[in-house]
$ cat input-v7.cif   # mmCIF, C-alpha atoms
data_run
loop_
_atom_site.label_atom_id
_atom_site.label_comp_id
_atom_site.auth_asym_id
_atom_site.auth_seq_id
_atom_site.Cartn_x
_atom_site.Cartn_y
_atom_site.Cartn_z
CA MET A 4 37.56 3.00 10.67
CA THR A 5 40.36 5.58 10.70
CA LEU A 6 40.85 9.20 9.71
CA VAL A 7 42.80 7.98 6.67
CA ASP A 8 39.73 6.02 5.51
CA LEU A 9 37.59 9.14 5.84
CA LYS A 10 39.56 10.92 3.11
CA SER A 11 38.09 8.65 0.46
CA ILE A 12 34.55 8.86 1.81
CA SER A 13 33.03 12.04 0.49
CA GLU A 14 30.17 13.35 -1.60
CA LYS A 15 32.70 13.86 -4.39
CA ASN A 16 33.32 10.11 -4.35
CA LYS A 17 29.55 9.54 -4.52
CA TRP A 18 28.92 8.64 -0.89
CA GLN A 19 25.44 9.91 -0.02
CA PHE A 20 25.89 10.68 3.71
CA ASP A 21 28.29 12.83 5.72
CA TRP A 22 30.46 10.17 7.36
CA LYS A 23 32.84 12.76 8.79
CA PHE A 24 29.92 13.98 10.88
CA GLU A 25 29.18 10.43 12.09
CA TYR A 26 32.86 9.87 12.92
CA LYS A 27 33.06 13.06 14.96
CA GLN A 28 30.15 12.21 17.27
CA PRO A 29 31.68 10.82 20.49
CA GLU A 30 28.71 8.57 21.28
CA LYS A 31 28.82 6.87 17.87
CA GLU A 32 31.09 4.08 16.66
CA VAL A 33 31.74 3.86 12.91
CA TYR A 34 32.87 0.57 11.34
CA LYS A 35 33.84 -0.29 7.78
CA LEU A 36 33.21 -3.52 5.88
CA THR A 37 36.00 -4.80 3.64
CA ILE A 38 36.70 -8.09 1.88
CA VAL A 39 39.33 -10.49 3.20
CA ASN A 40 41.99 -9.88 0.57
CA ASN A 41 41.53 -6.15 0.12
CA GLN A 42 41.14 -4.14 3.27
CA GLN A 43 41.83 -0.85 1.52
CA ILE A 44 38.55 -0.74 -0.36
CA ILE A 45 35.52 0.01 1.78
CA GLN A 46 32.42 -1.98 0.78
CA GLY A 47 30.08 -0.32 3.25
CA LEU A 48 29.88 1.65 6.49
CA ILE A 49 27.83 1.48 9.67
CA SER A 50 27.36 4.02 12.48
CA LEU A 51 26.25 2.56 15.81
CA GLU A 52 25.53 3.71 19.32
CA VAL A 53 25.62 1.37 22.30
CA LYS A 54 22.65 2.41 24.44
CA LEU A 55 21.86 1.21 27.97
CA ASP A 56 19.81 -1.79 26.85
CA HIS A 57 20.53 -2.30 23.14
CA VAL A 58 22.54 -1.16 20.12
CA TYR A 59 21.02 1.59 17.98
CA MET A 60 21.90 1.66 14.27
CA HIS A 61 22.12 5.30 13.21
CA LEU A 62 23.17 4.70 9.64
CA ILE A 63 24.26 2.06 7.15
CA GLU A 64 25.42 2.88 3.64
CA SER A 65 26.74 0.61 0.91
CA ALA A 66 29.72 1.91 -1.07
CA PRO A 67 28.71 3.72 -4.28
CA PHE A 68 29.80 0.74 -6.42
CA ASN A 69 27.62 -1.58 -4.30
CA LYS A 70 24.41 0.37 -4.95
CA GLY A 71 21.66 -0.10 -7.51
CA LYS A 72 21.30 -2.83 -10.11
CA THR A 73 24.97 -2.82 -11.09
CA LYS A 74 26.30 -3.40 -7.59
CA ILE A 75 29.38 -5.59 -7.17
CA TYR A 76 28.42 -7.17 -3.84
CA SER A 77 24.78 -7.57 -2.80
CA GLY A 78 25.19 -8.68 0.83
CA VAL A 79 26.70 -5.50 2.25
CA PRO A 80 23.79 -4.07 4.30
CA GLY A 81 22.81 -7.52 5.62
CA ASN A 82 26.38 -8.15 6.68
CA LEU A 83 26.54 -4.83 8.50
CA VAL A 84 23.23 -5.43 10.31
CA ALA A 85 24.51 -8.86 11.39
CA PHE A 86 27.63 -7.12 12.70
CA ALA A 87 25.45 -4.76 14.78
CA CYS A 88 23.69 -7.81 16.27
CA LYS A 89 27.04 -9.44 17.04
CA LEU A 90 28.24 -6.29 18.76
CA SER A 91 25.01 -6.21 20.78
CA PHE A 92 25.70 -9.75 22.01
CA GLN A 93 29.29 -8.84 22.83
CA ARG A 94 28.22 -5.77 24.80
CA GLY A 95 25.71 -7.76 26.86
CA HIS A 96 22.51 -6.62 25.15
CA ASN A 97 21.25 -10.05 23.97
CA GLY A 98 21.60 -9.15 20.29
CA ASN A 99 18.90 -6.48 20.53
CA VAL A 100 19.27 -3.81 17.84
CA SER A 101 16.98 -0.93 16.91
CA PHE A 102 16.78 1.36 13.92
CA ILE A 103 14.44 3.76 12.16
CA SER A 104 12.68 2.67 8.98
CA LYS A 105 11.01 4.52 6.18
CA THR A 106 7.29 3.63 6.14
CA GLN A 107 7.50 1.88 2.78
CA LEU A 108 10.37 -0.37 3.91
CA ILE A 109 8.88 -1.68 7.18
CA ARG A 110 7.47 -4.83 5.53
CA HIS A 111 10.79 -5.45 3.76
CA TYR A 112 12.73 -5.33 7.06
CA ILE A 113 10.24 -7.70 8.70
CA ASP A 114 10.63 -10.20 5.83
CA SER A 115 14.38 -9.91 5.29
CA LEU A 116 15.75 -9.29 8.80
CA GLY A 117 13.04 -10.74 11.00
CA ALA A 118 12.69 -7.28 12.53
CA MET A 119 9.64 -6.21 14.54
CA GLN A 120 7.79 -2.90 14.27
CA VAL A 121 7.52 -1.38 17.72
CA GLY A 122 5.31 1.51 16.72
CA GLY A 123 5.59 4.26 14.17
CA ARG A 124 8.96 4.07 12.44
CA ILE A 125 10.85 2.13 15.12
CA MET A 126 12.11 -1.35 14.27
CA ILE A 127 13.73 -3.85 16.63
CA ILE A 128 15.76 -6.95 15.91
CA ASP A 129 15.43 -9.21 18.95
CA SER A 130 17.79 -11.94 20.12
CA ILE A 131 16.10 -14.69 18.08
CA ALA A 132 16.33 -12.76 14.80
CA ALA A 133 19.83 -11.60 15.75
CA LEU A 134 21.02 -15.19 16.20
CA LYS A 135 19.64 -16.11 12.78
CA LEU A 136 21.47 -13.18 11.17
CA ASN A 137 24.64 -14.12 13.02
CA ASP A 138 24.42 -17.68 11.70
CA LYS A 139 23.72 -16.45 8.19
CA TYR A 140 26.56 -13.95 7.87
CA PHE A 141 29.33 -15.19 10.20
CA LEU A 142 31.30 -18.37 9.85
CA LYS A 143 31.05 -20.67 12.87
CA MET B 8 7.19 -25.94 3.75
CA LYS B 9 9.86 -23.73 5.31
CA LYS B 10 9.47 -20.07 4.36
CA LYS B 11 12.64 -18.66 2.80
CA ALA B 12 13.68 -15.25 4.13
CA LYS B 13 13.82 -12.43 1.61
CA LYS B 14 17.22 -10.93 0.91
CA LEU B 15 17.79 -7.45 2.33
CA ASP B 16 17.82 -5.19 -0.70
CA VAL B 17 18.52 -1.57 0.25
CA ASP B 18 21.39 0.83 -0.39
CA PHE B 19 21.18 2.47 3.01
CA ILE B 20 19.36 2.22 6.36
CA GLY B 21 18.60 5.09 8.73
CA GLY B 22 19.69 8.65 8.10
CA GLN B 23 21.13 11.83 9.55
CA ASN B 24 18.17 14.22 9.55
CA ASN B 25 15.68 12.52 11.87
CA PRO B 26 17.33 11.43 15.12
CA LEU B 27 15.57 9.22 17.62
CA THR B 28 13.28 11.26 19.90
CA LYS B 29 13.17 10.81 23.68
CA GLU B 30 9.68 9.32 23.36
CA GLU B 31 10.95 6.78 20.83
CA GLN B 32 13.89 5.87 23.07
CA PHE B 33 11.46 5.33 25.93
CA ALA B 34 9.20 3.18 23.71
CA ILE B 35 12.18 0.99 22.78
CA SER B 36 13.18 0.50 26.42
CA VAL B 37 9.61 -0.42 27.43
CA PHE B 38 9.34 -2.87 24.53
CA LEU B 39 12.66 -4.52 25.36
CA LYS B 40 11.67 -4.92 29.01
CA GLN B 41 8.38 -6.57 27.99
CA LEU B 42 10.24 -8.82 25.55
CA GLN B 43 12.69 -9.87 28.25
CA LYS B 44 9.84 -10.68 30.64
CA LYS B 45 8.09 -12.79 27.99
CA GLN B 46 11.29 -14.66 27.12
CA ASN B 47 11.96 -15.38 30.80
CA LYS B 48 8.39 -16.71 31.23
CA ASP B 49 8.83 -18.94 28.17
CA LYS B 50 12.09 -20.30 29.61
CA ILE B 51 10.39 -21.16 32.91
CA LYS B 52 7.56 -22.91 31.03
CA GLN B 53 10.07 -24.94 29.00
CA LYS B 54 11.91 -25.97 32.19
CA LEU B 55 8.64 -27.07 33.79
CA VAL B 56 7.72 -29.17 30.76
CA LYS B 57 11.17 -30.79 30.57
CA GLN B 58 11.30 -31.86 34.21
CA PRO B 59 10.74 -35.63 34.72
CA ALA B 60 7.69 -36.76 36.71
#

$ encode --input "input-v7.cif" --output "structure tokens"
Amino acid sequence: MTLVDLKSISEKNKWQFDWKFEYKQPEKEVYKLTIVNNQQIIQGLISLEVKLDHVYMHLIESAPFNKGKTKIYSGVPGNLVAFACKLSFQRGHNGNVSFISKTQLIRHYIDSLGAMQVGGRIMIIDSIAALKLNDKYFLK
Amino acid sequence: MKKKAKKLDVDFIGGQNNPLTKEEQFAISVFLKQLQKKQNKDKIKQKLVKQPA
């Protein structure tokens, strides 16, 4: 993602989170998801941090037009999680990814991502689940 | 019958107001180490089973 992209990502444009803040943090890497034939329109964003032994997902947000019942594309968050797993493999962390879940969504992440609850609100996607997500969202 | 995975249906994951605490970071590291140990043990077991008599 670039500074030019950031201009269109604001509360005024109905993005929920402060992506300028994420972009400014030196330890975080922010990536955008676009479709093949239109790289100008951002479908979703992810903020990641490569830790010593895994990749931590700080934040994922679908674009405003990809939220709710009237969303245009439904696979945005899944695609971004799969990207985090891919990055974890590439950085030598066996696909391991962690993130924080709201209590009411823990079961949903177990069922949809194959994530594991480590305790409290911490979720981990291990290498087996990461490989499955990779296969599901990335062309071989 | 093979269980079909549910589709991830959320608008966002994570947040900006509750960062990971040091204790949580430690818990993740411990869990990953244990997981790695278990996976290594499983690999050794598989190798032992596969070896011809």

$ interface_residues --input "input-v7.cif" --of "chain A" --to "chain B" --cutoff "10 Å" --atoms "all atoms listed in the file" --output "ChimeraX atom specification"
/A:19-22,24-25,47-50,54-57,59-67,69-71,74,77-82,84,97,99-105,108,111-117,121-127,129-130

$ resolve_selection --input "input-v7.cif" --expression "the PyMOL selection byres ((chain A and resi 7-12) around 9)" --output "short mmCIF file (atom, residue, chain, number, x, y, z; two decimals) with C-alpha atoms, keeping the file's coordinate frame"
data_model
loop_
_atom_site.label_atom_id
_atom_site.label_comp_id
_atom_site.auth_asym_id
_atom_site.auth_seq_id
_atom_site.Cartn_x
_atom_site.Cartn_y
_atom_site.Cartn_z
CA MET A 4 37.56 3.00 10.67
CA THR A 5 40.36 5.58 10.70
CA LEU A 6 40.85 9.20 9.71
CA SER A 13 33.03 12.04 0.49
CA GLU A 14 30.17 13.35 -1.60
CA LYS A 15 32.70 13.86 -4.39
CA ASN A 16 33.32 10.11 -4.35
CA LYS A 17 29.55 9.54 -4.52
CA TRP A 18 28.92 8.64 -0.89
CA ASP A 21 28.29 12.83 5.72
CA TRP A 22 30.46 10.17 7.36
CA LYS A 23 32.84 12.76 8.79
CA TYR A 26 32.86 9.87 12.92
CA LYS A 35 33.84 -0.29 7.78
CA GLN A 43 41.83 -0.85 1.52
CA ILE A 45 35.52 0.01 1.78
CA ALA A 66 29.72 1.91 -1.07
#

$ atom_distance --input "input-v7.cif" --atom1 "CA of Ile128 (chain A)" --atom2 "CA of Lys27 (chain A)"
26.5 Å

$ atom_distance --input "input-v7.cif" --atom1 "CA of Asn41 (chain A)" --atom2 "CA of Asp138 (chain A)"
23.7 Å

$ closest_residue --input "input-v7.cif" --among "A:Gln120, A:Pro29, A:Ser91, A:Gly98" --to "Lys135 (chain A)" --atoms "all atoms listed in the file"
A:Gly98

$ atom_distance --input "input-v7.cif" --atom1 "CA of Arg110 (chain A)" --atom2 "CA of Gln41 (chain B)"
22.5 Å

$ resolve_selection --input "input-v7.cif" --expression "the PyMOL selection byres ((chain A and resi 31) around 6)" --output "list of chain:residue names"
A:Gln28, A:Pro29, A:Glu30, A:Glu32, A:Leu51, A:Glu52

$ axis_aligned_box --input "input-v7.cif" --around "region 74-88 of chain A" --padding-each-side "4 Å" --output "JSON"
{"center_x": 26.1, "center_y": -6.1, "center_z": 4.3, "size_x": 14.6, "size_y": 13.5, "size_z": 31.9}

$ closest_residue --input "input-v7.cif" --among "A:Gln46, A:Leu142, A:Leu90, A:Ile38" --to "Phe68 (chain A)" --atoms "all atoms listed in the file"
A:Gln46

$ decode --input "input-v7.cif" --residues "chain B" --atoms "C-alpha atoms" --output "compact mmCIF listing (two decimals), in the first residue's frame"
# COMPACT_ATOMS: atom_id res chain seq x y z
CA MET B 8 -18.87 -37.73 5.27
CA LYS B 9 -16.34 -34.92 4.89
CA LYS B 10 -17.23 -31.88 6.98
CA LYS B 11 -17.44 -28.72 4.87
CA ALA B 12 -15.68 -25.69 6.36
CA LYS B 13 -17.86 -22.68 7.12
CA LYS B 14 -17.18 -19.54 5.12
CA LEU B 15 -15.51 -16.72 7.04
CA ASP B 16 -18.22 -14.11 7.43
CA VAL B 17 -16.93 -10.99 9.19
CA ASP B 18 -16.37 -7.39 8.14
CA PHE B 19 -13.22 -6.96 10.19
CA ILE B 20 -10.81 -8.90 12.42
CA GLY B 21 -8.77 -7.48 15.31
CA GLY B 22 -8.81 -3.84 16.29
CA GLN B 23 -6.81 -0.83 17.39
CA ASN B 24 -7.81 -0.37 21.02
CA ASN B 25 -6.66 -3.60 22.66
CA PRO B 26 -3.07 -4.43 21.70
CA LEU B 27 -1.49 -7.76 22.54
CA THR B 28 -0.15 -7.79 26.12
CA LYS B 29 3.30 -9.13 27.03
CA GLU B 30 1.64 -12.06 28.81
CA GLU B 31 -0.33 -12.90 25.67
CA GLN B 32 2.80 -12.70 23.52
CA PHE B 33 4.52 -15.06 25.92
CA ALA B 34 1.54 -17.46 25.83
CA ILE B 35 1.70 -17.53 22.02
CA SER B 36 5.43 -18.29 22.02
CA VAL B 37 5.00 -21.12 24.55
CA PHE B 38 2.11 -22.59 22.55
CA LEU B 39 4.05 -22.45 19.28
CA LYS B 40 7.05 -24.16 20.88
CA GLN B 41 4.82 -26.96 22.21
CA LEU B 42 3.16 -27.28 18.80
CA GLN B 43 6.53 -27.54 17.08
CA LYS B 44 7.65 -30.24 19.52
CA LYS B 45 4.47 -32.24 18.93
CA GLN B 46 4.77 -31.95 15.15
CA ASN B 47 8.41 -33.08 15.29
CA LYS B 48 7.43 -36.10 17.42
CA ASP B 49 4.66 -36.99 14.95
CA LYS B 50 7.15 -36.79 12.06
CA ILE B 51 9.55 -39.17 13.85
CA LYS B 52 6.68 -41.59 14.52
CA GLN B 53 5.66 -41.51 10.85
CA LYS B 54 9.26 -42.19 9.75
CA LEU B 55 9.48 -45.15 12.13
CA VAL B 56 6.24 -46.62 10.80
CA LYS B 57 7.28 -46.15 7.16
CA GLN B 58 10.67 -47.85 7.50
CA PRO B 59 10.78 -51.37 5.96
CA ALA B 60 11.45 -54.33 8.25
